[in-house]
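Pasted below: work.txt, compact mmCIF, C-alpha atoms and all ligand atoms.
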# COMPACT_ATOMS: atom_id res chain seq x y z
CA MET H 1 7.88 17.01 14.30
CA ILE H 2 7.97 13.40 13.16
CA ILE H 3 11.55 12.43 12.40
CA ALA H 4 12.58 9.58 10.12
CA LEU H 5 16.19 8.40 10.10
CA ASN H 6 17.53 6.60 7.05
CA GLY H 7 20.29 4.14 7.93
CA SER H 8 20.94 3.19 4.31
CA PRO H 9 23.86 4.59 2.29
CA ARG H 10 21.42 4.86 -0.62
CA PRO H 11 19.49 8.11 -0.15
CA ASN H 12 16.83 6.98 -2.64
CA GLY H 13 16.87 3.23 -2.07
CA ASN H 14 14.21 0.87 -0.75
CA THR H 15 14.46 2.05 2.85
CA ALA H 16 14.23 5.72 1.87
CA ALA H 17 11.15 4.91 -0.25
CA MET H 18 9.46 3.22 2.73
CA LEU H 19 10.38 6.09 5.04
CA ARG H 20 9.12 8.70 2.57
CA ALA H 21 5.83 6.82 2.29
CA ALA H 22 5.49 6.79 6.08
CA LEU H 23 6.25 10.52 6.29
CA GLU H 24 3.69 11.21 3.55
CA GLY H 25 1.15 9.34 5.66
CA ALA H 26 2.07 11.41 8.71
CA ALA H 27 2.00 14.65 6.67
CA SER H 28 -1.47 13.76 5.36
CA THR H 29 -2.74 14.29 8.92
CA GLY H 30 -1.09 17.72 9.06
CA ALA H 31 2.02 16.59 10.98
CA GLU H 32 5.38 18.23 10.36
CA THR H 33 7.96 15.72 9.15
CA LYS H 34 11.69 15.49 8.50
CA LEU H 35 13.84 12.81 6.84
CA ILE H 36 17.46 12.64 8.01
CA GLN H 37 20.01 10.69 5.97
CA LEU H 38 22.65 9.24 8.31
CA TYR H 39 25.35 8.24 5.81
CA PRO H 40 26.51 11.75 4.83
CA LEU H 41 27.12 12.42 8.54
CA LYS H 42 30.32 11.62 10.41
CA GLY H 43 29.01 10.10 13.62
CA LYS H 44 30.46 7.50 15.95
CA GLY H 45 28.77 4.97 18.19
CA CYS H 46 28.87 5.13 21.99
CA VAL H 47 32.43 5.59 23.34
CA SER H 48 31.54 4.40 26.84
CA CYS H 49 32.47 7.67 28.58
CA PHE H 50 29.49 7.35 31.01
CA SER H 51 28.92 11.15 31.12
CA CYS H 52 25.23 10.40 30.57
CA LYS H 53 25.02 8.56 33.93
CA ARG H 54 27.24 10.77 36.07
CA LYS H 55 25.63 11.83 39.37
CA GLY H 56 24.97 15.57 39.25
CA GLY H 57 25.60 15.59 35.49
CA LYS H 58 23.28 15.92 32.49
CA LEU H 59 21.49 12.57 32.67
CA GLY H 60 20.14 11.48 29.31
CA HIS H 61 22.59 13.64 27.37
CA CYS H 62 25.27 12.15 25.11
CA ALA H 63 28.44 14.20 25.66
CA LEU H 64 30.23 12.99 22.52
CA LYS H 65 30.35 15.82 19.97
CA ASP H 66 30.13 14.95 16.29
CA ASP H 67 27.63 15.08 13.41
CA PHE H 68 25.20 12.86 15.34
CA SER H 69 24.95 15.42 18.19
CA PRO H 70 22.40 17.71 16.45
CA VAL H 71 20.48 14.62 15.31
CA LEU H 72 20.28 13.36 18.90
CA ASP H 73 19.10 16.83 19.99
CA MET H 74 16.32 16.72 17.37
CA MET H 75 15.34 13.21 18.47
CA GLU H 76 15.02 14.50 22.03
CA GLN H 77 12.39 17.03 20.85
CA ALA H 78 10.56 14.77 18.35
CA ASP H 79 6.86 13.88 18.53
CA ALA H 80 7.58 10.47 16.99
CA LEU H 81 10.64 8.59 15.72
CA LEU H 82 10.95 6.35 12.73
CA PHE H 83 14.10 4.24 12.36
CA GLY H 84 14.69 2.89 8.83
CA SER H 85 17.46 0.45 7.98
CA PRO H 86 18.35 -2.10 5.34
CA ILE H 87 19.47 -5.40 6.82
CA TYR H 88 23.21 -5.89 6.43
CA TYR H 89 24.55 -9.27 7.48
CA TYR H 90 21.48 -10.07 9.54
CA THR H 91 21.49 -6.85 11.50
CA LEU H 92 20.97 -3.07 11.18
CA THR H 93 23.56 -1.02 9.30
CA PRO H 94 26.58 0.15 11.34
CA GLU H 95 25.54 3.82 11.08
CA MET H 96 22.02 3.11 12.34
CA LEU H 97 23.36 0.94 15.15
CA ALA H 98 25.86 3.66 16.10
CA LEU H 99 23.09 6.25 16.44
CA ILE H 100 20.72 3.88 18.25
CA HIS H 101 23.42 2.82 20.73
CA ARG H 102 24.08 6.46 21.61
CA PHE H 103 20.38 7.28 21.86
CA LEU H 104 19.51 4.25 24.02
CA PHE H 105 22.59 4.15 26.21
CA SER H 106 22.56 7.88 27.02
CA HIS H 107 18.97 7.59 28.32
CA MET H 108 19.50 4.37 30.28
CA LEU H 109 20.46 4.33 33.97
CA TYR H 110 21.85 1.31 35.78
CA ASN H 111 19.33 1.86 38.57
CA LYS H 112 16.99 -0.72 40.06
CA GLU H 113 13.88 1.46 39.80
CA LYS H 114 14.30 4.41 37.43
CA ARG H 115 15.78 2.83 34.31
CA TRP H 116 15.12 5.46 31.61
CA VAL H 117 15.35 9.25 31.55
CA PHE H 118 13.56 10.16 28.32
CA PRO H 119 11.30 13.09 29.27
CA ARG H 120 8.12 12.18 27.34
CA VAL H 121 6.07 9.29 26.01
CA ILE H 122 6.32 9.21 22.19
CA PRO H 123 5.52 6.61 19.53
CA SER H 124 8.25 5.00 17.46
CA ALA H 125 8.62 2.47 14.66
CA PHE H 126 11.31 0.46 12.90
CA ILE H 127 11.12 -0.06 9.15
CA TYR H 128 13.40 -2.63 7.54
CA THR H 129 14.08 -3.64 3.97
CA PHE H 130 16.01 -6.77 3.04
CA GLY H 131 16.68 -9.31 0.33
CA VAL H 132 15.48 -12.55 1.94
CA LYS H 133 11.96 -13.71 1.31
CA GLU H 134 9.02 -12.89 3.53
CA ASN H 135 8.98 -16.37 5.13
CA ALA H 136 12.39 -15.71 6.75
CA ALA H 137 11.37 -12.34 8.13
CA ASP H 138 10.14 -13.27 11.60
CA GLU H 139 13.30 -15.17 12.44
CA LEU H 140 15.42 -12.30 11.10
CA LEU H 141 13.64 -9.57 13.07
CA ALA H 142 13.62 -11.63 16.28
CA ARG H 143 17.42 -11.26 16.31
CA PHE H 144 17.19 -7.61 17.29
CA SER H 145 14.10 -7.64 19.44
CA PHE H 146 16.24 -6.36 22.32
CA ILE H 147 16.65 -3.06 20.46
CA HIS H 148 12.93 -2.82 19.69
CA ASN H 149 12.00 -3.61 23.30
CA SER H 150 14.55 -1.19 24.73
CA MET H 151 13.27 1.60 22.48
CA GLY H 152 9.70 0.88 23.53
CA ASN H 153 10.65 0.88 27.21
CA MET H 154 12.60 4.10 26.87
CA LEU H 155 9.94 5.98 24.91
CA GLY H 156 7.05 4.68 27.02
CA ARG H 157 5.14 2.64 24.45
CA PRO H 158 5.95 -0.39 22.27
CA ALA H 159 7.71 0.35 18.99
CA GLU H 160 5.89 -0.72 15.81
CA LEU H 161 7.70 -2.93 13.27
CA LEU H 162 7.28 -2.96 9.50
CA TYR H 163 9.39 -4.63 6.83
CA SER H 164 9.64 -5.02 3.09
CA ALA H 165 11.19 -8.35 2.11
CA ASP H 166 12.63 -9.68 -1.17
CA ALA H 167 13.94 -6.22 -2.09
CA TRP H 168 14.94 -5.03 -5.55
CA GLN H 169 18.69 -4.47 -5.27
CA PHE H 170 20.33 -3.46 -8.58
CA SER H 171 19.23 -0.94 -11.16
CA ASP H 172 20.11 -3.51 -13.86
CA TYR H 173 20.54 -7.16 -12.80
CA SER H 174 22.33 -8.06 -16.05
CA LEU H 175 25.38 -6.00 -15.00
CA TYR H 176 26.14 -8.01 -11.86
CA GLU H 177 27.31 -11.49 -10.84
CA ALA H 178 24.00 -12.44 -9.28
CA ASP H 179 22.43 -15.29 -11.21
CA ARG H 180 20.81 -16.84 -8.18
CA PHE H 181 18.22 -14.06 -8.43
CA ASP H 182 15.43 -14.34 -10.94
CA GLU H 183 15.23 -10.80 -12.33
CA ALA H 184 11.71 -11.25 -13.71
CA GLU H 185 10.50 -12.49 -10.32
CA LYS H 186 12.25 -9.60 -8.56
CA ARG H 187 10.66 -7.11 -10.98
CA ARG H 188 7.22 -8.60 -10.40
CA HIS H 189 7.78 -8.19 -6.67
CA LEU H 190 8.96 -4.59 -7.17
CA GLU H 191 5.93 -3.70 -9.25
CA GLU H 192 3.25 -5.64 -7.39
CA VAL H 193 4.33 -6.12 -3.76
CA PHE H 194 6.58 -3.13 -3.00
CA PRO H 195 3.75 -0.62 -3.64
CA LEU H 196 1.65 -2.54 -1.09
CA ASP H 197 4.53 -2.36 1.41
CA LYS H 198 4.75 1.41 0.82
CA GLN H 199 1.01 1.65 1.43
CA LYS H 200 1.55 -0.13 4.78
CA ALA H 201 4.27 2.43 5.53
CA PHE H 202 1.87 5.27 4.64
CA GLU H 203 -0.67 3.86 7.09
CA LEU H 204 2.01 3.43 9.74
CA GLY H 205 2.87 7.12 9.31
CA ILE H 206 -0.76 8.06 9.91
CA ARG H 207 -0.84 5.93 13.09
CA LEU H 208 2.38 7.50 14.38
CA ALA H 209 1.06 11.00 13.75
CA LYS H 210 -2.26 10.27 15.43
CA ALA H 211 -0.59 8.56 18.39
CA LYS H 212 1.76 11.40 19.14
CA ASN H 213 -0.43 12.96 21.80
C1 LIG H 301 26.52 -5.15 2.71
C2 LIG H 301 25.15 -5.73 2.48
C3 LIG H 301 24.72 -6.77 3.30
C4 LIG H 301 23.42 -7.28 3.12
N1 LIG H 301 23.01 -8.30 3.97
C5 LIG H 301 21.75 -8.78 3.85
C6 LIG H 301 21.28 -9.80 4.76
O1 LIG H 301 21.98 -10.25 5.65
N2 LIG H 301 20.00 -10.26 4.60
C7 LIG H 301 19.19 -9.78 3.61
O2 LIG H 301 18.04 -10.24 3.52
N3 LIG H 301 19.59 -8.78 2.76
C8 LIG H 301 20.85 -8.28 2.86
N4 LIG H 301 21.26 -7.27 2.01
C9 LIG H 301 20.30 -6.68 1.03
C10 LIG H 301 19.71 -5.35 1.52
O3 LIG H 301 19.22 -5.47 2.84
C11 LIG H 301 18.54 -4.89 0.62
O4 LIG H 301 18.95 -4.79 -0.71
C12 LIG H 301 17.97 -3.56 1.10
O5 LIG H 301 16.68 -3.38 0.58
C13 LIG H 301 18.81 -2.37 0.70
O6 LIG H 301 18.19 -1.20 1.18
P1 LIG H 301 18.40 0.23 0.48
O7 LIG H 301 17.85 0.12 -0.92
O8 LIG H 301 17.63 1.16 1.33
O9 LIG H 301 19.86 0.51 0.51
C14 LIG H 301 22.56 -6.75 2.13
C15 LIG H 301 23.02 -5.71 1.30
C16 LIG H 301 24.31 -5.21 1.46
C17 LIG H 301 24.79 -4.08 0.57
As structure tokens, how would this structure be written, given the file I've shared?
Ligand SMILES: Cc1cc2nc3c(=O)[nH]c(=O)nc-3n(C[C@H](O)[C@H](O)[C@H](O)COP(=O)(O)O)c2cc1C
Amino acid sequence: MIIALNGSPRPNGNTAAMLRAALEGAASTGAETKLIQLYPLKGKGCVSCFSCKRKGGKLGHCALKDDFSPVLDMMEQADALLFGSPIYYYTLTPEMLALIHRFLFSHMLYNKEKRWVFPRVIPSAFIYTFGVKENAADELLARFSFIHNSMGNMLGRPAELLYSADAWQFSDYSLYEADRFDEAEKRRHLEEVFPLDKQKAFELGIRLAKAKN
């Protein structure tokens, strides 16, 4: 099963569209797929209980029980993981960060040699959507390279990155105080560039599905 996690509050927004395209790509190879929306769930971030690192305990298991627990269980069994988030204030959304912190921290040991306890090697990818233009993207994504690198180290292979910049934000720009945006330019981007970004997501989904063994 290839699992995509949507860290946007908008279940049918830009991030969901990119994730759905990636899952369609994966499904086109015959892979089973599932999209999980995080915002309807009541899940906290790591509470620093350290159960996951206790000698003689269940290493790699997050002991906190809430709506993220079954999601973490599914992630443990997944053939590939796809993390999708809009950028909020130059980082991932709080819900996505909460889930990622629990997933990463529960599988990380403070040992010198054995650092990670994830049982298998699986592919993963991060898909981001955001409002700034493409030319600011590299600097933006470099801010959370620690998360990408940690995920790659934990899952045994480097995580892929994909983004869609200059996102379409409002259903109708005339209703909002937002005159620094040029609606016609945004619409052109939505109609001409966003489909190309979704095509890249589709191809990413195919790569993830093919890489899973
Ligand atoms: C609270 C909030 C903060 C945002 N902060 C940023 C930001 O720092 N940089 C940026 O480029 N876009 C920012 N945006 C724009 C969103 O990242 C962009 O519209 C995104 O595509 C929304 O994804 P969605 O349609 O999946 O919800 C922000 C949007 C919101 C609602």
Open item on the list: What does the structure give for the distance between atom CA of H:Phe126 and atom O2 of ligand LIG 301 (chain H), in Å to one decimal?
Closed with: 15.7 Å
With only C-alpha atoms and all ligand atoms counted and 9 Å as the cut-off, give the residues of chain H in contact with ligand LIG 301 (chain H), each with its shortest interatomic distance in Å and the pair that gives it, as a Markdown table.
| residue | atom | partner | partner_atom | distance |
| --- | --- | --- | --- | --- |
| H:Asn6 | CA | H:LIG301 | O8 | 7.9 |
| H:Gly7 | CA | H:LIG301 | O8 | 7.7 |
| H:Ser8 | CA | H:LIG301 | O9 | 4.8 |
| H:Pro9 | CA | H:LIG301 | O9 | 6.0 |
| H:Arg10 | CA | H:LIG301 | O9 | 4.8 |
| H:Pro11 | CA | H:LIG301 | O8 | 7.3 |
| H:Asn12 | CA | H:LIG301 | O8 | 7.1 |
| H:Gly13 | CA | H:LIG301 | O7 | 3.5 |
| H:Asn14 | CA | H:LIG301 | O7 | 3.7 |
| H:Thr15 | CA | H:LIG301 | O8 | 3.6 |
| H:Ala16 | CA | H:LIG301 | O8 | 5.7 |
| H:Ala17 | CA | H:LIG301 | O8 | 7.7 |
| H:Met18 | CA | H:LIG301 | O8 | 8.5 |
| H:Gly84 | CA | H:LIG301 | O8 | 8.2 |
| H:Ser85 | CA | H:LIG301 | O8 | 6.7 |
| H:Pro86 | CA | H:LIG301 | O6 | 4.3 |
| H:Ile87 | CA | H:LIG301 | O3 | 4.0 |
| H:Tyr88 | CA | H:LIG301 | N1 | 3.4 |
| H:Tyr89 | CA | H:LIG301 | O1 | 3.3 |
| H:Tyr90 | CA | H:LIG301 | O1 | 3.9 |
| H:Thr91 | CA | H:LIG301 | O1 | 6.8 |
| H:Leu92 | CA | H:LIG301 | O3 | 8.9 |
| H:Thr93 | CA | H:LIG301 | C1 | 8.3 |
| H:Tyr128 | CA | H:LIG301 | O5 | 7.7 |
| H:Thr129 | CA | H:LIG301 | O5 | 4.3 |
| H:Phe130 | CA | H:LIG301 | O3 | 3.5 |
| H:Gly131 | CA | H:LIG301 | O2 | 3.6 |
| H:Val132 | CA | H:LIG301 | O2 | 3.8 |
| H:Lys133 | CA | H:LIG301 | O2 | 7.3 |
| H:Ala136 | CA | H:LIG301 | O2 | 8.5 |
| H:Ala137 | CA | H:LIG301 | O2 | 8.4 |
| H:Leu140 | CA | H:LIG301 | N2 | 8.2 |
| H:Ser164 | CA | H:LIG301 | O5 | 7.7 |
| H:Ala165 | CA | H:LIG301 | O2 | 7.2 |
| H:Asp166 | CA | H:LIG301 | O2 | 7.2 |
| H:Ala167 | CA | H:LIG301 | O5 | 4.8 |
| H:Trp168 | CA | H:LIG301 | O4 | 6.3 |
| H:Gln169 | CA | H:LIG301 | O4 | 4.6 |
| H:Phe170 | CA | H:LIG301 | O4 | 8.1 |
- [ ] Could you check how far atom CA of H:Ala201 sits from atom CA of H:Glu76, in Å to one decimal?
- [x] 23.1 Å
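Closest approach to H:Ser124 among H:Met96, H:Leu5, H:Leu38, H:Ala31: H:Leu5, based on all atoms listed in the file.
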- [ ] Give the answer as one residue: which of H:Asn135, H:Asn153, H:Ser48, H:Gln199 has the shortest atom-to-atom distance to H:Val117, using only C-alpha atoms?
- [x]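 Nearest candidate to H:Val117 out of H:Asn135, H:Asn153, H:Ser48, H:Gln199: H:Asn153.
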Task: Distance in Å - atom CA of H:Ile206 versus atom CA of H:Gly25 - done: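 Value for the atom CA of H:Ile206-atom CA of H:Gly25 distance: 4.8 Å.
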Open item on the list: Could you check which residues have any atom within 7 Å of (6.8, 0.5, 13.3), counting all atoms listed in the file with coordinates taken straight from the file, and then list them as a count of residues only?
Closed with: 9
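Proximity ranking of H:Val47, H:Lys55, H:Leu155, H:Phe83 relative to H:Arg102 places H:Val47 first, based on only C-alpha atoms.
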Can stretch 36-68 of chain H be brought up to N, CA and C atoms and written out as a short mmCIF file (atom, residue, chain, number, x, y, z; two decimals), in the coordinates of the input?
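That gives us selection-v7.cif:
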data_model
loop_
_atom_site.label_atom_id
_atom_site.label_comp_id
_atom_site.auth_asym_id
_atom_site.auth_seq_id
_atom_site.Cartn_x
_atom_site.Cartn_y
_atom_site.Cartn_z
N ILE H 36 16.02 12.41 7.81
CA ILE H 36 17.46 12.64 8.01
C ILE H 36 18.22 11.45 7.45
N GLN H 37 19.15 11.74 6.55
CA GLN H 37 20.01 10.69 5.97
C GLN H 37 21.25 10.57 6.87
N LEU H 38 21.51 9.38 7.38
CA LEU H 38 22.65 9.24 8.31
C LEU H 38 24.00 9.14 7.61
N TYR H 39 24.03 8.54 6.40
CA TYR H 39 25.35 8.24 5.81
C TYR H 39 26.20 9.46 5.46
N PRO H 40 25.63 10.60 5.07
CA PRO H 40 26.51 11.75 4.83
C PRO H 40 27.14 12.30 6.11
N LEU H 41 26.64 11.88 7.27
CA LEU H 41 27.12 12.42 8.54
C LEU H 41 28.32 11.61 9.06
N LYS H 42 29.21 12.32 9.76
CA LYS H 42 30.32 11.62 10.41
C LYS H 42 29.98 11.48 11.89
N GLY H 43 29.43 10.33 12.23
CA GLY H 43 29.01 10.10 13.62
C GLY H 43 29.50 8.76 14.11
N LYS H 44 29.98 8.74 15.34
CA LYS H 44 30.46 7.50 15.95
C LYS H 44 29.37 6.86 16.80
N GLY H 45 29.61 5.61 17.19
CA GLY H 45 28.77 4.97 18.19
C GLY H 45 29.20 5.40 19.59
N CYS H 46 28.56 4.81 20.59
CA CYS H 46 28.87 5.13 21.99
C CYS H 46 30.35 4.85 22.28
N VAL H 47 31.01 5.79 23.00
CA VAL H 47 32.43 5.59 23.34
C VAL H 47 32.60 5.22 24.82
N SER H 48 31.48 4.93 25.48
CA SER H 48 31.54 4.40 26.84
C SER H 48 32.20 5.37 27.82
N CYS H 49 31.89 6.67 27.67
CA CYS H 49 32.47 7.67 28.58
C CYS H 49 31.66 7.80 29.87
N PHE H 50 30.39 7.35 29.85
CA PHE H 50 29.49 7.35 31.01
C PHE H 50 29.08 8.73 31.50
N SER H 51 29.37 9.81 30.73
CA SER H 51 28.92 11.15 31.12
C SER H 51 27.41 11.18 31.34
N CYS H 52 26.69 10.39 30.54
CA CYS H 52 25.23 10.40 30.57
C CYS H 52 24.66 9.83 31.88
N LYS H 53 25.51 9.18 32.69
CA LYS H 53 25.02 8.56 33.93
C LYS H 53 25.68 9.15 35.17
N ARG H 54 26.45 10.20 34.98
CA ARG H 54 27.24 10.77 36.07
C ARG H 54 26.32 11.47 37.06
N LYS H 55 26.45 11.16 38.35
CA LYS H 55 25.63 11.83 39.37
C LYS H 55 25.90 13.32 39.32
N GLY H 56 24.83 14.11 39.31
CA GLY H 56 24.97 15.57 39.25
C GLY H 56 25.23 16.08 37.85
N GLY H 57 25.34 15.18 36.87
CA GLY H 57 25.60 15.59 35.49
C GLY H 57 24.31 15.71 34.69
N LYS H 58 24.46 15.80 33.37
CA LYS H 58 23.28 15.92 32.49
C LYS H 58 22.83 14.51 32.10
N LEU H 59 21.97 13.92 32.95
CA LEU H 59 21.49 12.57 32.67
C LEU H 59 20.70 12.58 31.36
N GLY H 60 20.88 11.56 30.56
CA GLY H 60 20.14 11.48 29.31
C GLY H 60 20.77 12.27 28.18
N HIS H 61 21.95 12.83 28.42
CA HIS H 61 22.59 13.64 27.37
C HIS H 61 23.89 12.97 26.94
N CYS H 62 24.03 12.74 25.63
CA CYS H 62 25.27 12.15 25.11
C CYS H 62 26.31 13.26 24.94
N ALA H 63 27.43 13.12 25.64
CA ALA H 63 28.44 14.20 25.66
C ALA H 63 29.36 14.18 24.43
N LEU H 64 29.35 13.08 23.69
CA LEU H 64 30.23 12.99 22.52
C LEU H 64 29.78 14.01 21.47
N LYS H 65 30.71 14.79 20.96
CA LYS H 65 30.35 15.82 19.97
C LYS H 65 30.80 15.40 18.57
N ASP H 66 29.85 15.20 17.70
CA ASP H 66 30.13 14.95 16.29
C ASP H 66 28.86 15.21 15.49
N ASP H 67 28.79 14.76 14.25
CA ASP H 67 27.63 15.08 13.41
C ASP H 67 26.33 14.46 13.93
N PHE H 68 26.43 13.43 14.78
CA PHE H 68 25.20 12.86 15.34
C PHE H 68 24.63 13.71 16.48
#
